[in-house]
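Visitor: See my_file38.pdb below, with PDB, C-alpha atoms.
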MODEL        1
ATOM      1  CA  MET A1026     -16.745  10.872  43.743  1.00  0.00           C
ATOM      2  CA  LYS A1027     -15.011  13.747  41.982  1.00  0.00           C
ATOM      3  CA  ARG A1028     -11.930  11.613  41.473  1.00  0.00           C
ATOM      4  CA  ILE A1029     -13.935   8.769  39.926  1.00  0.00           C
ATOM      5  CA  LEU A1030     -15.736  11.190  37.631  1.00  0.00           C
ATOM      6  CA  SER A1031     -12.418  12.753  36.593  1.00  0.00           C
ATOM      7  CA  MET A1032     -10.916   9.344  35.844  1.00  0.00           C
ATOM      8  CA  ALA A1033     -13.956   8.333  33.799  1.00  0.00           C
ATOM      9  CA  LEU A1034     -13.794  11.576  31.809  1.00  0.00           C
ATOM     10  CA  PHE A1035     -10.069  11.034  31.202  1.00  0.00           C
ATOM     11  CA  ALA A1036     -10.732   7.502  29.928  1.00  0.00           C
ATOM     12  CA  VAL A1037     -13.445   8.720  27.528  1.00  0.00           C
ATOM     13  CA  CYS A1038     -11.166  11.480  26.208  1.00  0.00           C
ATOM     14  CA  PHE A1039      -8.258   9.061  25.843  1.00  0.00           C
ATOM     15  CA  PHE A1040     -10.282   6.573  23.795  1.00  0.00           C
ATOM     16  CA  ALA A1041     -11.859   9.318  21.683  1.00  0.00           C
ATOM     17  CA  CYS A1042      -8.422  10.759  20.903  1.00  0.00           C
ATOM     18  CA  SER A1043      -7.090   7.295  20.046  1.00  0.00           C
ATOM     19  CA  MET A1044      -9.927   6.657  17.612  1.00  0.00           C
ATOM     20  CA  ALA A1045      -9.645  10.109  16.075  1.00  0.00           C
ATOM     21  CA  SER A1046      -5.911   9.761  15.491  1.00  0.00           C
ATOM     22  CA  ALA A1047      -6.314   6.389  13.771  1.00  0.00           C
ATOM     23  CA  SER A1048      -8.765   7.855  11.280  1.00  0.00           C
ATOM     24  CA  GLY A1049      -6.064  10.098   9.778  1.00  0.00           C
ATOM     25  CA  TYR A1050      -4.187   7.196   8.212  1.00  0.00           C
ATOM     26  CA  PRO A1051      -5.126   6.296   4.627  1.00  0.00           C
ATOM     27  CA  ASP A1052      -6.259   2.688   4.166  1.00  0.00           C
ATOM     28  CA  TYR A1053      -4.074   2.312   1.059  1.00  0.00           C
ATOM     29  CA  LEU A1054      -0.653   3.947   0.899  1.00  0.00           C
ATOM     30  CA  GLY A1055      -0.596   6.393  -1.987  1.00  0.00           C
ATOM     31  CA  GLY A1056      -3.851   4.854  -3.235  1.00  0.00           C
ATOM     32  CA  ASP A1057      -2.054   1.552  -4.019  1.00  0.00           C
ATOM     33  CA  ARG A1058      -4.486  -1.271  -3.183  1.00  0.00           C
ATOM     34  CA  ASN A1059      -1.537  -3.626  -2.578  1.00  0.00           C
ATOM     35  CA  LEU A1060      -0.296  -1.490   0.354  1.00  0.00           C
ATOM     36  CA  LEU A1061      -2.821  -2.034   3.153  1.00  0.00           C
ATOM     37  CA  LEU A1062      -2.939  -0.181   6.463  1.00  0.00           C
ATOM     38  CA  SER A1063      -2.305  -2.644   9.300  1.00  0.00           C
ATOM     39  CA  GLY A1064      -2.002  -0.058  12.065  1.00  0.00           C
ATOM     40  CA  GLY A1065      -0.909   3.384  13.104  1.00  0.00           C
ATOM     41  CA  HIS A1066       0.453   5.069  16.196  1.00  0.00           C
ATOM     42  CA  MET A1067       1.823   8.544  16.868  1.00  0.00           C
ATOM     43  CA  GLY A1068       1.993   9.424  13.177  1.00  0.00           C
ATOM     44  CA  ILE A1069       3.690   6.187  12.106  1.00  0.00           C
ATOM     45  CA  GLY A1070       1.689   4.015   9.737  1.00  0.00           C
ATOM     46  CA  TRP A1071       2.408   0.377   8.987  1.00  0.00           C
ATOM     47  CA  TYR A1072       1.366  -1.011   5.622  1.00  0.00           C
ATOM     48  CA  VAL A1073       1.307  -4.650   4.553  1.00  0.00           C
ATOM     49  CA  ASP A1074       2.431  -5.202   0.970  1.00  0.00           C
ATOM     50  CA  LYS A1075      -0.213  -7.689  -0.112  1.00  0.00           C
ATOM     51  CA  SER A1076       1.711  -8.568  -3.276  1.00  0.00           C
ATOM     52  CA  SER A1077       4.715  -9.731  -1.203  1.00  0.00           C
ATOM     53  CA  LEU A1078       2.807 -12.324   0.837  1.00  0.00           C
ATOM     54  CA  VAL A1079       4.302 -15.823   0.735  1.00  0.00           C
ATOM     55  CA  VAL A1080       2.793 -18.888   2.376  1.00  0.00           C
ATOM     56  CA  GLN A1081       5.914 -20.657   3.640  1.00  0.00           C
ATOM     57  CA  GLN A1082       4.159 -23.575   5.318  1.00  0.00           C
ATOM     58  CA  TYR A1083       0.705 -24.982   4.825  1.00  0.00           C
ATOM     59  CA  GLN A1084       0.305 -28.008   7.084  1.00  0.00           C
ATOM     60  CA  PRO A1085      -2.972 -27.497   8.943  1.00  0.00           C
ATOM     61  CA  PRO A1086      -3.259 -26.817  11.800  1.00  0.00           C
ATOM     62  CA  VAL A1087       0.141 -25.115  11.366  1.00  0.00           C
ATOM     63  CA  TYR A1088       0.628 -22.228   8.950  1.00  0.00           C
ATOM     64  CA  ARG A1089       3.614 -19.969   8.317  1.00  0.00           C
ATOM     65  CA  ILE A1090       3.424 -16.728   6.345  1.00  0.00           C
ATOM     66  CA  ALA A1091       5.921 -14.013   5.430  1.00  0.00           C
ATOM     67  CA  VAL A1092       4.965 -10.536   4.269  1.00  0.00           C
ATOM     68  CA  ASN A1093       6.707  -7.197   3.768  1.00  0.00           C
ATOM     69  CA  VAL A1094       5.644  -4.386   6.099  1.00  0.00           C
ATOM     70  CA  LEU A1095       6.386  -0.778   5.197  1.00  0.00           C
ATOM     71  CA  THR A1096       6.877   1.783   7.962  1.00  0.00           C
ATOM     72  CA  VAL A1097       5.830   5.313   7.007  1.00  0.00           C
ATOM     73  CA  ASP A1098       6.568   8.265   9.275  1.00  0.00           C
ATOM     74  CA  ASP A1099       3.923  11.012   9.326  1.00  0.00           C
ATOM     75  CA  ALA A1100       1.506   8.806   7.397  1.00  0.00           C
ATOM     76  CA  ASP A1101      -1.343  10.538   9.202  1.00  0.00           C
ATOM     77  CA  ARG A1102      -0.222  13.819   7.621  1.00  0.00           C
ATOM     78  CA  GLY A1103      -0.032  12.565   4.046  1.00  0.00           C
ATOM     79  CA  ASN A1104       3.535  11.244   3.786  1.00  0.00           C
ATOM     80  CA  THR A1105       3.703   8.220   1.462  1.00  0.00           C
ATOM     81  CA  THR A1106       7.453   7.564   1.497  1.00  0.00           C
ATOM     82  CA  PRO A1107       8.418   4.457   3.502  1.00  0.00           C
ATOM     83  CA  SER A1108      11.209   4.909   6.028  1.00  0.00           C
ATOM     84  CA  SER A1109      11.786   1.135   6.092  1.00  0.00           C
ATOM     85  CA  VAL A1110      10.568  -2.137   4.640  1.00  0.00           C
ATOM     86  CA  LYS A1111      10.862  -5.281   6.736  1.00  0.00           C
ATOM     87  CA  THR A1112       9.874  -8.857   5.997  1.00  0.00           C
ATOM     88  CA  GLU A1113       7.879 -10.142   8.938  1.00  0.00           C
ATOM     89  CA  GLU A1114       7.248 -13.846   9.477  1.00  0.00           C
ATOM     90  CA  PHE A1115       4.328 -15.331  11.365  1.00  0.00           C
ATOM     91  CA  LEU A1116       3.614 -18.831  12.601  1.00  0.00           C
ATOM     92  CA  TYR A1117       0.044 -19.868  13.404  1.00  0.00           C
ATOM     93  CA  ASN A1118      -1.404 -22.888  15.179  1.00  0.00           C
ATOM     94  CA  TRP A1119      -5.105 -23.122  14.435  1.00  0.00           C
ATOM     95  CA  ASP A1120      -5.788 -25.783  17.079  1.00  0.00           C
ATOM     96  CA  THR A1121      -4.328 -23.722  19.940  1.00  0.00           C
ATOM     97  CA  ARG A1122      -5.246 -20.400  18.274  1.00  0.00           C
ATOM     98  CA  ARG A1123      -1.810 -18.985  18.991  1.00  0.00           C
ATOM     99  CA  MET A1124       0.099 -16.682  16.644  1.00  0.00           C
ATOM    100  CA  TYR A1125       3.854 -16.118  16.810  1.00  0.00           C
ATOM    101  CA  GLN A1126       6.124 -13.578  15.170  1.00  0.00           C
ATOM    102  CA  TRP A1127       9.738 -14.347  14.312  1.00  0.00           C
ATOM    103  CA  TRP A1128      12.138 -12.088  16.148  1.00  0.00           C
ATOM    104  CA  GLY A1129      15.293 -12.507  14.079  1.00  0.00           C
ATOM    105  CA  GLU A1130      17.435 -10.447  16.421  1.00  0.00           C
ATOM    106  CA  LYS A1131      16.603 -12.906  19.222  1.00  0.00           C
ATOM    107  CA  SER A1132      16.317 -15.946  16.930  1.00  0.00           C
ATOM    108  CA  ALA A1133      13.025 -16.895  18.530  1.00  0.00           C
ATOM    109  CA  TRP A1134       9.297 -17.029  17.930  1.00  0.00           C
ATOM    110  CA  ASN A1135       7.438 -14.473  20.059  1.00  0.00           C
ATOM    111  CA  TYR A1136       3.822 -15.094  21.042  1.00  0.00           C
ATOM    112  CA  VAL A1137       1.525 -12.361  19.711  1.00  0.00           C
ATOM    113  CA  ARG A1138      -1.300 -11.810  22.192  1.00  0.00           C
ATOM    114  CA  PRO A1139      -4.797 -11.154  20.818  1.00  0.00           C
ATOM    115  CA  VAL A1140      -5.646  -8.804  23.714  1.00  0.00           C
ATOM    116  CA  GLY A1141      -3.831  -6.702  26.272  1.00  0.00           C
ATOM    117  CA  CYS A1142      -2.023  -3.417  26.244  1.00  0.00           C
ATOM    118  CA  LEU A1143      -0.560  -2.238  22.945  1.00  0.00           C
ATOM    119  CA  ALA A1144       2.955  -2.730  24.353  1.00  0.00           C
ATOM    120  CA  GLU A1145       2.174  -6.458  24.379  1.00  0.00           C
ATOM    121  CA  THR A1146       0.090  -6.790  21.226  1.00  0.00           C
ATOM    122  CA  GLY A1147       1.776  -4.170  19.056  1.00  0.00           C
ATOM    123  CA  HIS A1148       0.519  -1.148  17.211  1.00  0.00           C
ATOM    124  CA  HIS A1149       0.117  -2.887  13.896  1.00  0.00           C
ATOM    125  CA  PHE A1150      -1.516  -6.173  13.163  1.00  0.00           C
ATOM    126  CA  ALA A1151       0.289  -7.546  10.120  1.00  0.00           C
ATOM    127  CA  GLY A1152      -0.020 -11.127  11.392  1.00  0.00           C
ATOM    128  CA  GLU A1153      -3.805 -11.021  11.524  1.00  0.00           C
ATOM    129  CA  MET A1154      -3.938  -9.254   8.174  1.00  0.00           C
ATOM    130  CA  ALA A1155      -1.548 -11.738   6.521  1.00  0.00           C
ATOM    131  CA  PHE A1156      -3.640 -14.711   7.640  1.00  0.00           C
ATOM    132  CA  TYR A1157      -6.811 -13.060   6.347  1.00  0.00           C
ATOM    133  CA  ILE A1158      -5.183 -12.220   3.003  1.00  0.00           C
ATOM    134  CA  ALA A1159      -3.926 -15.789   2.565  1.00  0.00           C
ATOM    135  CA  TYR A1160      -7.016 -17.716   3.687  1.00  0.00           C
ATOM    136  CA  HIS A1161      -9.855 -15.171   3.938  1.00  0.00           C
ATOM    137  CA  MET A1162     -10.414 -16.365   7.509  1.00  0.00           C
ATOM    138  CA  LYS A1163     -10.009 -14.425  10.733  1.00  0.00           C
ATOM    139  CA  PHE A1164      -7.396 -15.833  13.105  1.00  0.00           C
ATOM    140  CA  TYR A1165      -7.935 -13.811  16.303  1.00  0.00           C
ATOM    141  CA  GLY A1166     -10.823 -11.685  15.088  1.00  0.00           C
ATOM    142  CA  GLY A1167     -14.520 -12.371  15.404  1.00  0.00           C
ATOM    143  CA  ARG A1168     -14.462 -13.506  19.029  1.00  0.00           C
ATOM    144  CA  LYS A1169     -13.486 -12.405  22.517  1.00  0.00           C
ATOM    145  CA  TRP A1170     -10.295 -13.541  24.253  1.00  0.00           C
ATOM    146  CA  ARG A1171      -9.395 -13.791  27.931  1.00  0.00           C
ATOM    147  CA  ASP A1172      -7.025 -10.991  28.964  1.00  0.00           C
ATOM    148  CA  PRO A1173      -4.460 -12.629  31.277  1.00  0.00           C
ATOM    149  CA  HIS A1174      -4.013  -9.393  33.245  1.00  0.00           C
ATOM    150  CA  THR A1175      -7.635  -8.486  33.881  1.00  0.00           C
ATOM    151  CA  GLY A1176      -9.266 -11.918  33.632  1.00  0.00           C
ATOM    152  CA  LYS A1177     -11.984 -10.369  31.463  1.00  0.00           C
ATOM    153  CA  ASP A1178     -13.029 -11.427  27.992  1.00  0.00           C
ATOM    154  CA  GLU A1179     -12.009  -8.719  25.514  1.00  0.00           C
ATOM    155  CA  TRP A1180     -12.199  -8.127  21.766  1.00  0.00           C
ATOM    156  CA  PRO A1181      -8.812  -8.109  19.962  1.00  0.00           C
ATOM    157  CA  ASN A1182      -6.988  -4.774  19.830  1.00  0.00           C
ATOM    158  CA  PHE A1183      -7.888  -4.268  16.173  1.00  0.00           C
ATOM    159  CA  SER A1184     -11.290  -3.626  14.674  1.00  0.00           C
ATOM    160  CA  ASP A1185     -13.116  -5.286  11.793  1.00  0.00           C
ATOM    161  CA  HIS A1186     -11.899  -2.369   9.696  1.00  0.00           C
ATOM    162  CA  LEU A1187      -8.689  -4.396   9.250  1.00  0.00           C
ATOM    163  CA  TYR A1188     -10.637  -7.013   7.243  1.00  0.00           C
ATOM    164  CA  ALA A1189     -12.586  -4.332   5.363  1.00  0.00           C
ATOM    165  CA  VAL A1190      -9.285  -2.875   4.126  1.00  0.00           C
ATOM    166  CA  VAL A1191      -8.298  -6.292   2.752  1.00  0.00           C
ATOM    167  CA  ASP A1192     -11.733  -6.874   1.227  1.00  0.00           C
ATOM    168  CA  GLY A1193     -11.632  -3.395  -0.360  1.00  0.00           C
ATOM    169  CA  SER A1194      -8.307  -4.178  -2.009  1.00  0.00           C
ATOM    170  CA  GLU A1195      -9.652  -7.041  -4.089  1.00  0.00           C
TER     171      GLU A1195
ENDMDL
END
Let me see the file written as structure tokens.

Guide:
Amino acid sequence: MKRILSMALFAVCFFACSMASASGYPDYLGGDRNLLLSGGHMGIGWYVDKSSLVVQQYQPPVYRIAVNVLTVDDADRGNTTPSSVKTEEFLYNWDTRRMYQWWGEKSAWNYVRPVGCLAETGHHFAGEMAFYIAYHMKFYGGRKWRDPHTGKDEWPNFSDHLYAVVDGSE
């Protein structure tokens, strides 16, 4: 019983710490409403440059979008200087509700899971944000998804705050 209680307390502390650390990242880098927070982890913030978004393919149910993502070290402590800027490309199939990210170094499209551990889904959600910016529709958000590891229906790893950041930038 003690072990179960200890594990439950650890889980509560872990989630509370995770939520508290995410709150330290500004929604807009340097106050610029074109640079939108798409995620943060261990002090690193990722910001989608809304003004760089390009719809490369619009052939419903297939969509392809490219967007620049800025990586900012120590963003949770006020740093606003990007350490890198990378163009990320995403491919979406609305009928199958599957999102893919182009991995140039492997020359392949990688499936982006809506749920699962952050090692599988990533720590920033530029693909979801890009789709919402382009079409003002949620791709993975707004519903639960089956986690292939647990077999349970789960909400995506990002919150509705992602959409609120986009809506607040308009």

Visitor: Output the residue selection produced by the PyMOL selection byres ((chain A and resi 1109) around 12) on the file above, formatted as a ChimeraX atom specification.

Guide: /A:1069-1072,1093-1098,1105-1108,1110-1112

Visitor: Determine the residue membership of the PyMOL selection byres ((chain A and resi 1148) around 8) for the file above and supply it as a list in words.

Guide: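 Listing what the PyMOL selection byres ((chain A and resi 1148) around 8) selects in the shown file: Gly1064, Gly1065, His1066, Leu1143, Ala1144, Thr1146, Gly1147, His1149 and Phe1150 of chain A.
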
Visitor: Which residue, A:Phe1156, A:Tyr1050, A:Tyr1125, A:Trp1119, has the smallest gap to Ile1090 of chain A when you use all atoms listed in the file?

Guide: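 Between A:Phe1156, A:Tyr1050, A:Tyr1125, A:Trp1119, the residue approaching Ile1090 of chain A most closely is A:Phe1156.
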
Visitor: With all atoms listed in the file as the atoms that count, which of A:Ala1133, A:Val1190, A:Leu1062, A:Leu1116 lies nearest to Asp1074 of chain A?

Guide: A:Leu1062

Visitor: Env of segment 1179-1181 of chain A: 10 Å cut, atoms = only C-alpha atoms, seq-sep filter 4 positions within chain, self excluded. Answer as a list in words.

Guide: Arg1138, Pro1139, Val1140, Gly1141, Thr1146, Tyr1165, Gly1166, Gly1167, Arg1168, Lys1169, Trp1170, Arg1171, Asp1172, Thr1175 and Asp1185 of chain A

Visitor: Quick one, how far is atom CA of Val1080 of chain A from atom CA of Pro1051 of chain A?

Guide: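 Computing it gives 26.5 Å between the two atoms.
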
Visitor: Which residue gives the smallest distance to Ala1159 of chain A among A:Arg1089, A:Arg1122, A:His1186, A:Lys1131, with all atoms listed in the file counted?

Guide: A:Arg1089

Visitor: What's the separation between atom CA of Val1087 of chain A and atom CA of Ser1132 of chain A, in Å to one decimal place?

Guide: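 Going from atom CA of Val1087 of chain A over to atom CA of Ser1132 of chain A covers 19.4 Å.
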
Visitor: Please measure the separation of atom CA of Cys1142 of chain A and atom CA of Asn1059 of chain A, giving the value in Å to one decimal.

Guide: 28.8 Å

Visitor: What's the 9 Å shell around Gln1126 of chain A, counting all atoms listed in the file, without same-chain residues fewer than 5 positions away, as a JSON list (two decimals) with C-alpha atoms, in the coordinates of the input?

Guide:
[["chain", "number", "residue", "atom", "x", "y", "z"],
["A", 1113, "GLU", "CA", 7.88, -10.14, 8.94],
["A", 1114, "GLU", "CA", 7.25, -13.85, 9.48],
["A", 1115, "PHE", "CA", 4.33, -15.33, 11.36],
["A", 1116, "LEU", "CA", 3.61, -18.83, 12.60],
["A", 1117, "TYR", "CA", 0.04, -19.87, 13.40],
["A", 1133, "ALA", "CA", 13.02, -16.90, 18.53],
["A", 1134, "TRP", "CA", 9.30, -17.03, 17.93],
["A", 1135, "ASN", "CA", 7.44, -14.47, 20.06],
["A", 1136, "TYR", "CA", 3.82, -15.09, 21.04],
["A", 1137, "VAL", "CA", 1.52, -12.36, 19.71],
["A", 1152, "GLY", "CA", -0.02, -11.13, 11.39]]

Visitor: Find the axis-aligned box for segment 1134-1153 of chain A, covering all its listed atoms and adding 3 Å on each side, and write its centre and edge lengths in Å to one decimal as AutoDock Vina command-line options.

Guide:
--center_x 1.8 --center_y -9.1 --center_z 18.2 --size_x 20.9 --size_y 21.9 --size_z 22.2
